[in-house]
>>> print(open('data20.txt').read())   # compact mmCIF, C-alpha atoms
# COMPACT_ATOMS: atom_id res chain seq x y z
CA MET A 1 86.73 96.17 -10.05
CA PRO A 2 90.13 96.28 -8.50
CA LYS A 3 91.39 93.03 -7.26
CA ASP A 4 92.06 92.51 -3.57
CA LYS A 5 95.64 92.12 -2.75
CA LYS A 6 97.01 90.01 0.06
CA ASP A 7 100.13 90.61 2.02
CA LYS A 8 101.33 87.13 2.77
CA LYS A 9 103.68 88.20 5.57
CA GLU A 10 101.17 90.29 7.52
CA ASN A 11 98.01 88.29 6.62
CA ILE A 12 96.24 91.59 5.82
CA TYR A 13 93.90 92.17 2.88
CA TYR A 14 93.54 95.51 1.19
CA ASP A 15 92.36 96.85 -2.15
CA ASP A 16 93.53 99.58 -4.44
CA THR A 17 90.71 101.96 -3.68
CA ASP A 18 90.64 101.82 0.15
CA ILE A 19 93.56 102.52 2.39
CA GLU A 20 91.86 101.06 5.63
CA LEU A 21 93.65 98.01 6.91
CA VAL A 22 91.65 95.10 8.27
CA ASP A 23 93.20 92.77 10.91
CA THR A 24 91.99 89.33 10.14
CA ARG A 25 94.02 87.45 12.82
CA PRO A 26 92.00 84.95 14.91
CA SER A 27 90.55 86.16 18.30
CA TYR A 28 92.61 83.64 20.33
CA ALA A 29 95.76 85.23 18.97
CA LYS A 30 94.65 88.61 20.25
CA LYS A 31 93.88 87.17 23.74
CA ARG A 32 97.37 85.74 23.96
CA VAL A 33 98.62 89.29 23.95
CA ILE A 34 95.91 91.09 25.94
CA ILE A 35 95.47 88.66 28.88
CA PRO A 36 99.17 88.46 29.82
CA ALA A 37 99.35 92.23 29.61
CA ILE A 38 96.38 92.65 31.92
CA MET A 39 97.77 90.08 34.37
CA ALA A 40 101.14 91.78 34.37
CA VAL A 41 99.49 95.07 35.20
CA MET A 42 97.48 93.42 37.96
CA PHE A 43 100.52 91.74 39.49
CA LEU A 44 102.42 94.99 39.30
CA ALA A 45 99.58 96.87 41.01
CA ALA A 46 99.27 94.15 43.65
CA GLY A 47 103.01 94.22 44.25
CA ILE A 48 102.98 97.97 44.64
CA TYR A 49 100.00 97.72 47.00
CA PHE A 50 101.61 95.07 49.18
CA ILE A 51 104.89 97.00 49.32
CA ILE A 52 103.08 100.17 50.39
CA HIS A 53 100.88 98.17 52.75
CA SER A 54 103.86 96.47 54.40
CA LEU A 55 105.44 99.86 55.04
CA HIS A 56 102.37 100.97 57.03
CA TYR A 57 100.99 97.74 58.52
CA GLN A 58 102.26 94.61 60.20
CA GLU A 59 100.13 91.52 60.73
CA THR A 60 100.47 87.94 61.95
CA ASP A 61 98.30 84.85 62.11
CA ASP A 62 100.17 83.62 65.20
CA ALA A 63 97.73 85.34 67.55
CA PHE A 64 95.05 84.21 69.96
CA VAL A 65 92.43 85.55 72.32
CA GLU A 66 93.63 85.50 75.93
CA GLY A 67 91.87 85.97 79.25
CA HIS A 68 92.12 85.18 82.94
CA ILE A 69 90.94 81.69 83.86
CA ILE A 70 90.38 81.42 87.61
CA SER A 71 90.57 77.89 88.99
CA ILE A 72 88.20 77.18 91.89
CA ALA A 73 89.57 74.80 94.55
CA PRO A 74 88.51 74.15 98.18
CA ARG A 75 90.59 75.18 101.20
CA VAL A 76 89.04 72.41 103.34
CA SER A 77 88.09 68.82 102.60
CA GLY A 78 84.74 67.08 102.93
CA PRO A 79 81.66 65.92 101.02
CA VAL A 80 79.88 68.43 98.78
CA LEU A 81 76.57 69.21 100.43
CA LYS A 82 75.22 71.65 97.81
CA LEU A 83 76.22 72.35 94.20
CA LEU A 84 74.55 75.49 92.92
CA VAL A 85 76.03 76.05 89.43
CA ASP A 86 76.35 74.20 86.14
CA ASP A 87 78.65 74.35 83.10
CA ASN A 88 78.63 77.60 81.10
CA GLU A 89 76.42 79.29 83.69
CA GLU A 90 76.98 83.01 84.24
CA VAL A 91 77.85 83.95 87.82
CA LYS A 92 78.39 87.19 89.70
CA LYS A 93 81.17 88.05 92.11
CA GLY A 94 80.28 86.81 95.60
CA GLN A 95 77.70 84.29 94.37
CA LEU A 96 77.66 80.97 96.27
CA LEU A 97 78.96 78.19 94.02
CA LEU A 98 78.97 75.17 96.32
CA GLU A 99 78.93 74.20 100.00
CA ILE A 100 80.95 71.50 101.75
CA ASP A 101 79.35 69.71 104.72
CA PRO A 102 80.17 72.02 107.69
CA ASN A 103 79.29 69.68 110.62
CA ASP A 104 82.86 68.54 111.34
CA TYR A 105 84.08 72.13 111.29
CA ILE A 106 81.26 73.32 113.56
CA THR A 107 82.26 70.63 116.11
CA ALA A 108 85.93 71.57 115.86
CA LEU A 109 85.07 75.21 116.45
CA LYS A 110 83.04 74.38 119.56
CA GLN A 111 85.93 72.32 120.95
CA LYS A 112 88.39 75.17 120.43
CA GLU A 113 86.01 77.68 122.01
CA ALA A 114 85.56 75.39 125.06
CA ALA A 115 89.32 75.05 125.45
CA LEU A 116 89.65 78.82 125.24
CA GLU A 117 87.04 79.34 127.96
CA GLU A 118 88.86 76.82 130.16
CA ALA A 119 92.12 78.68 129.67
CA LYS A 120 90.45 81.98 130.54
CA ALA A 121 89.12 80.38 133.74
CA SER A 122 92.64 79.23 134.59
CA LEU A 123 93.85 82.78 134.00
CA ASN A 124 91.29 84.13 136.48
CA MET A 125 92.42 81.57 139.05
CA ALA A 126 96.07 82.51 138.51
CA GLU A 127 95.24 86.17 138.93
CA ARG A 128 93.43 85.41 142.21
CA GLU A 129 96.44 83.42 143.39
CA ILE A 130 98.69 86.36 142.55
CA THR A 131 96.44 88.72 144.50
CA HIS A 132 96.42 86.35 147.48
CA SER A 133 100.19 85.83 147.29
CA ASN A 134 100.75 89.57 147.20
CA SER A 135 98.60 89.93 150.32
CA GLU A 136 100.50 87.11 152.06
CA LEU A 137 103.78 88.63 151.03
CA LYS A 138 102.74 92.01 152.40
CA ARG A 139 101.59 90.39 155.66
CA SER A 140 104.85 88.45 155.90
CA SER A 141 106.80 91.66 155.42
CA GLU A 142 104.81 93.27 158.22
CA ASP A 143 105.34 90.20 160.45
CA ILE A 144 109.07 90.34 159.76
CA THR A 145 109.17 94.01 160.75
CA ALA A 146 107.28 93.29 164.02
CA ALA A 147 109.31 90.15 164.73
CA LYS A 148 112.53 92.01 164.06
CA SER A 149 111.48 94.74 166.51
CA ARG A 150 110.59 92.15 169.16
CA LEU A 151 113.83 90.30 168.54
CA LYS A 152 115.83 93.49 168.95
CA PHE A 153 114.09 94.28 172.25
CA ALA A 154 114.43 90.67 173.49
CA THR A 155 118.11 90.61 172.53
CA GLU A 156 118.89 93.80 174.38
CA ASP A 157 116.83 92.63 177.38
CA TYR A 158 118.60 89.28 177.38
CA LYS A 159 122.04 90.91 177.24
CA ARG A 160 121.14 93.26 180.10
CA TYR A 161 119.82 90.51 182.38
CA LYS A 162 122.78 88.36 181.50
CA GLU A 163 125.20 91.05 182.74
CA MET A 164 123.05 91.75 185.75
CA TYR A 165 122.87 88.05 186.56
CA LYS A 166 126.68 87.81 186.39
CA GLU A 167 126.95 90.72 188.79
CA GLY A 168 124.33 89.20 191.08
CA ILE A 169 121.93 92.07 190.64
CA SER A 170 119.13 90.02 189.03
CA SER A 171 117.74 86.68 189.94
CA LYS A 172 118.06 83.42 188.05
CA GLN A 173 114.35 83.55 187.23
CA GLU A 174 114.62 86.96 185.62
CA PHE A 175 117.61 85.86 183.58
CA ASP A 176 115.80 82.70 182.41
CA ASP A 177 112.72 84.70 181.46
CA SER A 178 114.78 87.12 179.34
CA GLN A 179 116.50 84.21 177.66
CA THR A 180 113.14 82.60 176.88
CA ARG A 181 111.78 85.83 175.42
CA TYR A 182 114.92 86.11 173.26
CA THR A 183 114.55 82.53 172.04
CA VAL A 184 110.87 83.01 171.20
CA ALA A 185 111.49 86.34 169.44
CA ASN A 186 114.34 84.82 167.42
CA ALA A 187 112.12 81.87 166.42
CA GLU A 188 109.27 84.18 165.43
CA HIS A 189 111.67 86.27 163.33
CA LYS A 190 112.95 83.18 161.52
CA SER A 191 109.39 81.95 161.00
CA ALA A 192 108.38 85.30 159.52
CA LEU A 193 111.37 85.13 157.16
CA GLN A 194 110.34 81.60 156.07
CA ARG A 195 106.76 82.70 155.47
CA GLU A 196 108.05 85.59 153.34
CA ILE A 197 110.17 83.21 151.27
CA ALA A 198 107.21 80.87 150.83
CA SER A 199 104.89 83.74 149.86
CA GLU A 200 107.44 85.00 147.34
CA SER A 201 107.78 81.51 145.88
CA ILE A 202 104.01 81.14 145.57
CA LEU A 203 103.79 84.59 143.99
CA GLN A 204 106.45 83.77 141.39
CA SER A 205 104.77 80.44 140.67
CA SER A 206 101.41 82.18 140.22
CA LYS A 207 102.97 84.74 137.89
CA ALA A 208 104.60 81.98 135.83
CA LYS A 209 101.27 80.18 135.67
CA LYS A 210 99.60 83.38 134.53
CA GLN A 211 102.17 83.89 131.75
CA ALA A 212 101.75 80.29 130.59
CA THR A 213 97.98 80.67 130.65
CA LEU A 214 98.19 83.92 128.68
CA ALA A 215 100.33 82.16 126.06
CA ALA A 216 97.83 79.30 125.93
CA ILE A 217 94.98 81.77 125.52
CA LYS A 218 96.72 83.44 122.58
CA ARG A 219 97.31 80.07 120.96
CA LEU A 220 93.73 78.98 121.54
CA GLU A 221 92.39 82.30 120.25
CA ALA A 222 94.38 81.72 117.06
CA GLU A 223 93.02 78.17 116.85
CA VAL A 224 89.48 79.47 117.31
CA GLU A 225 90.01 82.00 114.51
CA GLN A 226 91.41 79.25 112.29
CA ALA A 227 88.42 77.04 113.11
CA LYS A 228 86.10 79.91 112.18
CA LEU A 229 87.99 80.35 108.91
CA ASP A 230 87.79 76.61 108.18
CA LEU A 231 84.06 76.76 108.78
CA SER A 232 83.72 79.75 106.45
CA TYR A 233 85.75 77.90 103.79
CA THR A 234 83.00 75.29 103.54
CA LYS A 235 81.14 77.83 101.40
CA ILE A 236 82.90 78.67 98.13
CA TYR A 237 81.95 81.92 96.38
CA ALA A 238 82.68 83.25 92.90
CA PRO A 239 85.79 85.48 93.01
CA GLN A 240 84.73 87.47 89.90
CA ASP A 241 81.96 87.82 87.37
CA GLY A 242 82.23 85.29 84.58
CA LEU A 243 81.14 81.94 83.16
CA ILE A 244 81.58 78.51 84.76
CA THR A 245 83.79 76.14 82.76
CA ASN A 246 85.60 72.82 83.34
CA ARG A 247 83.25 71.77 86.15
CA SER A 248 84.45 68.40 87.46
CA VAL A 249 82.55 68.15 90.75
CA GLU A 250 79.13 66.71 91.52
CA GLN A 251 76.96 66.96 94.60
CA GLY A 252 78.01 64.26 97.08
CA ASN A 253 81.64 64.07 95.90
CA TYR A 254 84.30 64.06 98.62
CA VAL A 255 86.73 66.83 97.72
CA GLN A 256 90.27 67.42 98.94
CA ILE A 257 92.14 70.63 99.68
CA ALA A 258 93.39 72.34 96.46
CA GLN A 259 91.48 69.90 94.22
CA PRO A 260 90.35 71.74 91.04
CA LEU A 261 86.56 71.79 90.97
CA MET A 262 85.72 74.28 88.22
CA SER A 263 86.92 77.50 86.59
CA VAL A 264 85.48 80.98 86.29
CA VAL A 265 86.31 82.77 83.04
CA PRO A 266 85.75 86.55 83.22
CA LYS A 267 84.40 88.32 80.15
CA LYS A 268 87.41 90.61 79.87
CA VAL A 269 89.67 89.34 77.08
CA TRP A 270 92.58 90.63 75.00
CA ILE A 271 94.83 89.50 72.17
CA VAL A 272 98.35 88.08 72.44
CA ALA A 273 100.00 88.30 69.03
CA ASN A 274 103.41 86.72 68.46
CA PHE A 275 105.10 89.01 65.94
CA LYS A 276 108.47 88.27 64.40
CA GLU A 277 111.25 90.37 65.88
CA THR A 278 111.76 91.94 62.44
CA GLN A 279 108.19 93.27 62.55
CA LEU A 280 108.70 95.26 65.75
CA THR A 281 110.99 97.96 64.37
CA HIS A 282 108.31 100.65 64.30
CA MET A 283 105.74 99.03 66.59
CA LYS A 284 104.92 100.78 69.87
CA LYS A 285 102.24 101.23 72.49
CA GLY A 286 99.08 103.07 71.45
CA GLN A 287 99.12 102.16 67.75
CA SER A 288 95.73 101.25 66.28
CA VAL A 289 94.99 97.65 65.35
CA GLU A 290 92.44 96.04 63.08
CA ILE A 291 91.46 92.62 64.44
CA LYS A 292 89.99 89.81 62.38
CA ILE A 293 88.56 86.85 64.30
CA ASP A 294 87.91 83.56 62.56
CA THR A 295 84.56 83.20 64.31
CA TYR A 296 83.32 86.47 62.79
CA PRO A 297 84.85 86.62 59.28
CA ASN A 298 82.72 89.58 58.17
CA LYS A 299 83.56 91.75 61.18
CA LYS A 300 86.73 93.79 61.81
CA PHE A 301 87.24 94.80 65.43
CA LYS A 302 89.12 97.87 66.58
CA GLY A 303 92.04 97.48 68.94
CA GLU A 304 95.18 99.11 70.25
CA VAL A 305 98.69 97.95 71.12
CA ASP A 306 98.80 97.82 74.91
CA SER A 307 102.35 96.58 75.53
CA ILE A 308 105.24 94.60 74.08
CA GLN A 309 106.77 91.84 76.19
CA ARG A 310 110.35 92.49 77.34
CA ALA A 311 111.49 89.03 76.28
CA THR A 312 110.91 86.69 73.38
CA GLY A 313 108.46 83.86 73.76
CA ALA A 314 111.30 81.32 73.78
CA LYS A 315 113.26 83.20 76.44
CA ALA A 316 110.21 83.53 78.68
CA SER A 317 109.33 79.83 78.40
CA LEU A 318 109.81 77.32 81.22
CA PHE A 319 112.89 75.88 79.51
CA PRO A 320 114.64 78.69 77.58
CA PRO A 321 117.05 77.60 74.84
CA GLU A 322 120.77 77.34 75.61
CA ASN A 323 122.30 78.77 72.46
CA ALA A 324 125.85 78.26 73.71
CA VAL A 325 125.43 74.47 73.70
CA GLY A 326 125.97 72.53 70.47
CA SER A 327 125.65 73.92 66.96
CA TYR A 328 123.77 77.18 66.61
CA VAL A 329 121.17 77.90 63.93
CA LYS A 330 119.78 81.40 63.82
CA ILE A 331 115.98 81.46 63.94
CA VAL A 332 113.83 84.54 63.74
CA GLN A 333 112.30 84.90 67.20
CA ARG A 334 108.77 85.93 68.03
CA VAL A 335 107.82 88.48 70.69
CA PRO A 336 104.38 88.48 72.34
CA VAL A 337 102.46 91.75 71.91
CA LYS A 338 99.38 92.48 74.01
CA ILE A 339 96.51 94.06 72.08
CA VAL A 340 93.34 95.30 73.76
CA PHE A 341 89.92 95.87 72.23
CA LYS A 342 88.83 99.50 71.83
CA GLU A 343 85.14 98.78 71.34
CA ASP A 344 82.36 97.02 73.20
CA ILE A 345 82.49 93.30 72.39
CA SER A 346 79.97 92.11 74.98
CA GLU A 347 77.48 91.08 72.28
CA TYR A 348 80.05 88.77 70.67
CA ASN A 349 81.11 85.37 71.96
CA ILE A 350 84.85 86.01 72.04
CA VAL A 351 86.55 83.56 74.39
CA PRO A 352 90.18 82.68 75.25
CA GLY A 353 91.86 80.42 72.72
CA MET A 354 90.20 81.76 69.56
CA SER A 355 92.44 82.39 66.55
CA VAL A 356 92.76 85.97 65.33
CA VAL A 357 94.72 87.97 62.77
CA PRO A 358 95.69 91.43 64.05
CA GLU A 359 96.93 94.13 61.69
CA VAL A 360 98.90 96.92 63.39
CA ARG A 361 99.16 100.31 61.72
CA ILE A 362 102.80 101.22 62.35
CA LYS A 363 102.80 104.36 60.17
CA GLU A 364 100.12 106.92 59.39
>>> encode(input="data20.txt", output="structure tokens")
Amino acid sequence: MPKDKKDKKENIYYDDTDIELVDTRPSYAKKRVIIPAIMAVMFLAAGIYFIIHSLHYQETDDAFVEGHIISIAPRVSGPVLKLLVDDNEEVKKGQLLLEIDPNDYITALKQKEAALEEAKASLNMAEREITHSNSELKRSSEDITAAKSRLKFATEDYKRYKEMYKEGISSKQEFDDSQTRYTVANAEHKSALQREIASESILQSSKAKKQATLAAIKRLEAEVEQAKLDLSYTKIYAPQDGLITNRSVEQGNYVQIAQPLMSVVPKKVWIVANFKETQLTHMKKGQSVEIKIDTYPNKKFKGEVDSIQRATGAKASLFPPENAVGSYVKIVQRVPVKIVFKEDISEYNIVPGMSVVPEVRIKE
């Protein structure tokens, strides 16, 4: 039998009659070679995948669900007579939410309407006075014309008898009579002129009263309309379809004008994603988006880029940074991007404030 020979350097046994080599190294020594090789391949594949993925997609975890939140506040003050909704209750546009006690506003409306009727009565009286003054003025004008004619005749008659009396043609009685007629005619003419002046004054006063009354009527009509509006404001209706949230009012509470009572949150929502400015190079409106919402980890929603804000989030804030003051440190800015859903999400409870991760496909 041939003796087995051992290669001390390679730790391999072989015999003289068989040329097959047998690796007798321990299994852990083999794993030390295989496992790092496999991991290297995996990391390389993952790196290649992420590089290719980053060239076609951009994503961010700085994104949230947004929606319109409509604050409900009264336009008049008073105690709450009826409260017809509760927290998280679904309401429809035009649905009555609550009613403020209307009694004070009903009384105020009646007072304004009474004042308006009184002003209208004053207007009728002023119009009658104007009609009467016009008639008196017309009569005075006619009296002046007649008195003027009589005065002219009496003047001429007086002058004639005066000359005749000087020449001794007429008697003293005839002269005195002509003088009396002249005096009476002159007095009647002056009286007619005074009556015309008085009638004109009354007419102007009546017209001024009418104008003042008309102005008062317009003011009172506006006050009546405002009183009607105030009365209508005692009933508060839902401005849109949605759910009631943040209700802070109870039946019987006395509420003030502009006091927040509750909010209506419509079901329409969208995503506001704050991407880094370096991620926006190839991003544009209409690109498809895959949306992952933390509430539904096993569901991917379809969306679309709706618009990109024309200012960074910092610049659009209430107090934008003043980079020219003090030392400047460059920071990568974020720009809000509006993303809308492109599928029906009514069966899901997606509400404003939820965290999401949108992934925008920037290249096909």
>>> residues_around(input="data20.txt", residues="A:Val289", least_positions_apart="3", cutoff="9 Å", atoms="only C-alpha atoms", output="mmCIF file with C-alpha atoms, keeping the file's coordinate frame")
data_model
loop_
_atom_site.group_PDB
_atom_site.id
_atom_site.type_symbol
_atom_site.label_atom_id
_atom_site.label_comp_id
_atom_site.auth_asym_id
_atom_site.auth_seq_id
_atom_site.Cartn_x
_atom_site.Cartn_y
_atom_site.Cartn_z
ATOM 1 C CA PHE A 301 87.240 94.800 65.430
ATOM 2 C CA LYS A 302 89.120 97.870 66.580
ATOM 3 C CA GLY A 303 92.040 97.480 68.940
ATOM 4 C CA GLU A 304 95.180 99.110 70.250
ATOM 5 C CA VAL A 305 98.690 97.950 71.120
ATOM 6 C CA ILE A 339 96.510 94.060 72.080
ATOM 7 C CA VAL A 340 93.340 95.300 73.760
ATOM 8 C CA PHE A 341 89.920 95.870 72.230
ATOM 9 C CA PRO A 358 95.690 91.430 64.050
ATOM 10 C CA GLU A 359 96.930 94.130 61.690
ATOM 11 C CA VAL A 360 98.900 96.920 63.390
ATOM 12 C CA ARG A 361 99.160 100.310 61.720
#
>>> closest_residue(input="data20.txt", among="A:Pro260, A:Gly168, A:Pro352, A:Pro239", to="A:Ala73", atoms="only C-alpha atoms")
A:Pro260
>>> closest_atom_pairs(input="data20.txt", of="stretch 222-333 of chain A", to="stretch 109-130 of chain A", cutoff="8 Å", atoms="all atoms listed in the file", output="CSV")
residue,atom,partner,partner_atom,distance
A:Glu223,CA,A:Lys112,CA,6.6
A:Val224,CA,A:Lys112,CA,5.4
A:Ala227,CA,A:Leu109,CA,5.1
A:Lys228,CA,A:Leu109,CA,6.4
A:Leu231,CA,A:Leu109,CA,7.9
>>> atom_distance(input="data20.txt", atom1="atom CA of A:Pro336", atom2="atom CA of A:Asn274")
4.4 Å
>>> closest_residue(input="data20.txt", among="A:Asn88, A:Gln279, A:Thr145, A:Thr245", to="A:Glu196", atoms="all atoms listed in the file")
A:Thr145
>>> closest_residue(input="data20.txt", among="A:Ile69, A:Ile100, A:Leu203, A:Ala314", to="A:Ile257", atoms="all atoms listed in the file")
A:Ile100
>>> residues_around(input="data20.txt", residues="A:Ser149", least_positions_apart="4", cutoff="12 Å", atoms="all atoms listed in the file", output="JSON, numbers by chain")
{"A": [142, 143, 144, 145, 153, 154, 155, 156, 182, 185, 186, 188, 189]}
>>> closest_atom_pairs(input="data20.txt", of="stretch 219-282 of chain A", to="stretch 210-215 of chain A", cutoff="10 Å", atoms="only C-alpha atoms", output="CSV")
residue,atom,partner,partner_atom,distance
A:Arg219,CA,A:Ala215,CA,6.3
A:Leu220,CA,A:Ala215,CA,8.6
A:Glu221,CA,A:Ala215,CA,9.8
>>> axis_aligned_box(input="data20.txt", around="stretch 306-318 of chain A", padding_each_side="3 Å", output="JSON")
{"center_x": 106.0, "center_y": 87.6, "center_z": 77.3, "size_x": 20.5, "size_y": 26.5, "size_z": 13.8}
>>> atom_distance(input="data20.txt", atom1="atom CA of A:Ile72", atom2="atom CA of A:Val264")
7.3 Å
>>> residues_around(input="data20.txt", residues="stretch 253-256 of chain A", least_positions_apart="6", cutoff="12 Å", atoms="only C-alpha atoms", output="ChimeraX atom specification")
/A:72-83,98-101,234
>>> atom_distance(input="data20.txt", atom1="atom CA of A:Ile291", atom2="atom CA of A:Gln333")
22.4 Å
>>> closest_residue(input="data20.txt", among="A:Val335, A:Ile70, A:Ala63, A:Ile350", to="A:Gly242", atoms="only C-alpha atoms")
A:Ile70
>>> residues_around(input="data20.txt", residues="A:Arg195", least_positions_apart="2", cutoff="9 Å", atoms="only C-alpha atoms", output="short mmCIF file (atom, residue, chain, number, x, y, z; two decimals) with C-alpha atoms, in the coordinates of the input")
data_model
loop_
_atom_site.label_atom_id
_atom_site.label_comp_id
_atom_site.auth_asym_id
_atom_site.auth_seq_id
_atom_site.Cartn_x
_atom_site.Cartn_y
_atom_site.Cartn_z
CA GLU A 136 100.50 87.11 152.06
CA LEU A 137 103.78 88.63 151.03
CA SER A 140 104.85 88.45 155.90
CA SER A 141 106.80 91.66 155.42
CA LYS A 190 112.95 83.18 161.52
CA SER A 191 109.39 81.95 161.00
CA ALA A 192 108.38 85.30 159.52
CA LEU A 193 111.37 85.13 157.16
CA ILE A 197 110.17 83.21 151.27
CA ALA A 198 107.21 80.87 150.83
CA SER A 199 104.89 83.74 149.86
CA GLU A 200 107.44 85.00 147.34
#
>>> closest_residue(input="data20.txt", among="A:Lys285, A:Phe175, A:Ala146, A:Ser206", to="A:Arg160", atoms="only C-alpha atoms")
A:Phe175
